[in-house]
Number of protein chains: 2
Amino acid sequence: MNQENEITQKKAQERLLDLLESADDATLLAFIHEELYAADLAEMAYDLGIENSQRILNLLDEKMAVDVLKDMDFSFREKLLTEYNAETIAHRFIDWMDSDDAVDLLNQLSIELRDQVISYMTDLEASRNIVSLLHYREDVAGGLMAKEFIKVNINWTVSQCTDEIRSQAENVSKVYSTYVVDDQEKLLGIVSLKSIILSNARSKVDKIYSEDVLSVNTYTPAEEVAQMMRKYDLIVLPVVDTLGRLIGRITIDDVVDFIKEEADKDYQLMSGLAEDVEISDRVWVLSRARLPWLLIGLLGGIASSRVIGLYGDELGAFPQMAFFMPLVAAMGGNAGVQSSAIIVQGLANNTLGSTNILPKLGKEFTVAFLNGLICAALILGYNLIVGNTNGLALTVSVALLSAIVFASLLGMIIPLLLNKFQIDPAIATGPFITTTNDLLGLGLYFSIGAMLLG
Amino acid sequence: MNQENEITQKKAQERLLDLLESADDATLLAFIHEELYAADLAEMAYDLGIENSQRILNLLDEKMAVDVLKDMDFSFREKLLTEYNAETIAHRFIDWMDSDDAVDLLNQLSIELRDQVISYMTDLEASRNIVSLLHYREDVAGGLMAKEFIKVNINWTVSQCTDEIRSQAENVSKVYSTYVVDDQEKLLGIVSLKSIILSNARSKVDKIYSEDVLSVNTYTPAEEVAQMMRKYDLIVLPVVDTLGRLIGRITIDDVVDFIKEEADKDYQLMSGLAEDVEISDRVWVLSRARLPWLLIGLLGGIASSRVIGLYGDELGAFPQMAFFMPLVAAMGGNAGVQSSAIIVQGLANNTLGSTNILPKLGKEFTVAFLNGLICAALILGYNLIVGNTNGLALTVSVALLSAIVFASLLGMIIPLLLNKFQIDPAIATGPFITTTNDLLGLGLYFSIGAMLLG
């Protein structure tokens, strides 16, 4: 968010906090309706606190209340929900939510409370829909889809479609198109709202519908759903069961959030965070997210102390070798992270092109050799200028070149191998590749030193 | 993309290559229409090569051809376009593209060729639209918007709206809603297609439109556009000029691409890549993207060699100190990257909460101290078990704890400071923070060593 907008939002929040302290409910509600959207309130909820958020939710009408609730920070919502009993959750929230949002919320409750809430629901069909959605894992299409959509029979007329849209208008808030099914509920195609508007009321659906519709199965991975919607510029994607029957739809807003979360996850892996954390999380959560990679780094550090220990004699004879240990180790680490990042991103974005790896390795070698040569030449110049011995200068430069080349190649090969064995290649970035390459660099440095100086 | 889908896509590509070699145009075209979407062809273009891509573009009808062209890899398209003259580009491509895609393509041409192409365009109004869009930078709303949208006057009836949709149906492919303007073209609100379908043809627009519409200015940063559309779950966002007149709209598909590109950029900065590169780029492009951070690492390495040099006497007296240099340096680097990543992500996602920094620093200190203590205790145990001297063991542990704490605090403060001065905080991740913290760790290690061992 840019500076200006951030300030507006911050001012609105301060004003809201003032009103929460001093004003009556009517003034408070008037301010909210005038100045804020549901998504704004959701964003502010954490700063407002549990008590204030509860008061606001009670004031709002049900529709706006569930819009606030659905966008709220996940862990804050969990805390907030403990303040309500099953009946209130059912009648004030779940009854008013789209099925996909309702399922997300129900999944935050204990199984016992969840079942109680469902039993309190007013609309039997809605509760059946929700129970059927609870089966799916969150990372497949079934876990992203909602049950709210408009379907029309292939044998209907346009005017029957209009009637169906009218009768469903309450339940389905965002209508972009209607799905065409046969008598067995099998998905046949779509009719856009535009063609409904432009067609005669007596036209038959089978004359105006388009067969050209992409769909996914309930078990299609969420990642693939996201890639399809992005690639084909879709704003909504129907979900079918194994018999091809239409059972749900996924809208782009859920997928946008998913894409953002996936990107954040790769970023976290690269930076050595084991879970999705925010500065507002509790100390032990923040600590737990960071410790695993720190421990890996610690093991790597111990291993490097053993490598250096092996060359204790050389170090004793040429103590100046110690000066350039961090340089060689760190440069290997840097070069390895760079090449692994290119591969991990290429795999994630599906832009690696053909799967023939040899020419790519050749190219990576050329790039690494070129960059290594430039760095090695620069450090050679530096060492000669400051008057280090020729032997040391040569050792540092040769070791640096080798470290950059080997680390780059490893940085390329490891994520490709992990991907082949269906392990997320992103774990090969960050501390893992840095630690490996630190070790590699040191090993190369000392063995080259032993040869050239010994 | 999951394994299964990847295989289907790969098979289709192999079959297409076969057909390109052996089959006549009709067979080739039939296969494409049967098996592939435009976005598939766009994805394959690089592997197919310039000549084949040209043959396919010539075979396709104009509408599909421009859909292939608009999704194509940017640098490949630049090469491909050099094969066409201005007249062909205008009549085969630009005439058929939405204005935002046309502008993207025109921006890839030399200014001279670009002006030629525009002068060849068939539709005068379309060419005027495009010229007006060429003014905007790519990173503001004006650079993302398209001129194709449907606007209706507040005084019209629903049946006039329907007529307008009919007359614009050719130009505006994706219609989600129509914008309501007054006689001065000022944006007043929206009418959804759903309400047009459900309203009587004689109803007046001012009775059925919704005033509740978010809009942005042409100069609103693209980043803010993306955040708004994500936060408020919008699929389309109108753009107004300084007088509030409606002049364009931004659709979610462009913003999804923008969100992905931004996330990729942060990932690249973290991994030490100075520009957006793919493994398919040329050697010197790949090399140029990596060299700047390698050179920064080199400078850091030289600086660390000077720091170590300062403590040459201590190293001579306690040569075993050299063994743990990489450990202390690397652990500081790791901890710093972790805390900077949390801050950079928090800033990007706007989830940092209130701007009061002191409590956050306190919490960061607690987390870092806790993790540092655990790591320090473990390495102390290791050193005592393997029989290193108490002095060395204590030095390593105290230095490790201090390095983790200081690096974590720096990793937090630096991106916050950069953000305050409106510099992208993401540059403070990756090699920059690692190099700084390597140095910091070494400095701490030797000064603590000098105190404890000296």
# chains A, B, ... in the order shown; residues from 1 in each chain; ligands from 1

call {"tool": "residues_around", "arguments": {"residues": "segment 175-187 of chain A", "least_positions_apart": "2", "cutoff": "7 Å", "atoms": "only C-alpha atoms", "output": "VMD selection string"}}
result
(chain A and resid 150 to 154 172 to 173 189 to 193 244 to 246) or (chain B and resid 176 194)

call {"tool": "write_last_selection", "arguments": {"atoms": "C-alpha atoms", "output": "compact mmCIF listing (two decimals), in the first residue's frame"}}
result
# COMPACT_ATOMS: atom_id res chain seq x y z
CA ILE A 150 -26.20 -20.99 -11.24
CA LYS A 151 -26.85 -23.96 -13.47
CA VAL A 152 -29.35 -24.20 -16.29
CA ASN A 153 -30.60 -27.20 -18.24
CA ILE A 154 -29.62 -27.54 -21.89
CA VAL A 172 -25.28 -16.38 -5.40
CA SER A 173 -23.79 -12.94 -4.93
CA GLY A 189 -20.78 -25.72 -21.33
CA ILE A 190 -21.48 -22.15 -20.29
CA VAL A 191 -23.77 -19.28 -21.19
CA SER A 192 -22.37 -15.87 -20.39
CA LEU A 193 -24.65 -13.25 -18.87
CA GLY A 244 -18.42 -35.18 -15.08
CA ARG A 245 -21.27 -33.80 -12.98
CA LEU A 246 -21.01 -30.15 -11.97
CA TYR B 176 -18.87 -8.16 -15.91
CA LYS B 194 -27.33 -9.57 -13.05

call {"tool": "residues_around", "arguments": {"residues": "Leu295 of chain B", "least_positions_apart": "5", "cutoff": "9 Å", "atoms": "only C-alpha atoms", "output": "VMD selection string"}}
result
(chain A and resid 375) or (chain B and resid 290 300)

call {"tool": "atom_distance", "arguments": {"atom1": "atom CA of Glu170 of chain A", "atom2": "atom CA of Arg166 of chain B"}}
result
27.1 Å

call {"tool": "closest_residue", "arguments": {"among": "B:Tyr219, B:Phe323, B:Phe31, B:Tyr311", "to": "chain A", "atoms": "only C-alpha atoms"}}
result
B:Phe323

call {"tool": "closest_residue", "arguments": {"among": "A:Glu34, A:Asp67, A:Glu224, A:Asp313", "to": "Met97 of chain A", "atoms": "only C-alpha atoms"}}
result
A:Asp67

call {"tool": "residues_around", "arguments": {"residues": "Ile374 of chain B", "least_positions_apart": "3", "cutoff": "12 Å", "atoms": "only C-alpha atoms", "output": "list in words"}}
result
Ser287, Arg288, Arg290, Leu291, Pro292, Leu294, Leu295 and Leu298 of chain A; Val367, Ala368, Phe369, Leu370, Asn371, Ala377, Leu378, Ile379, Leu380, Gly381, Ser397, Val398, Leu400, Leu401 and Ile404 of chain B
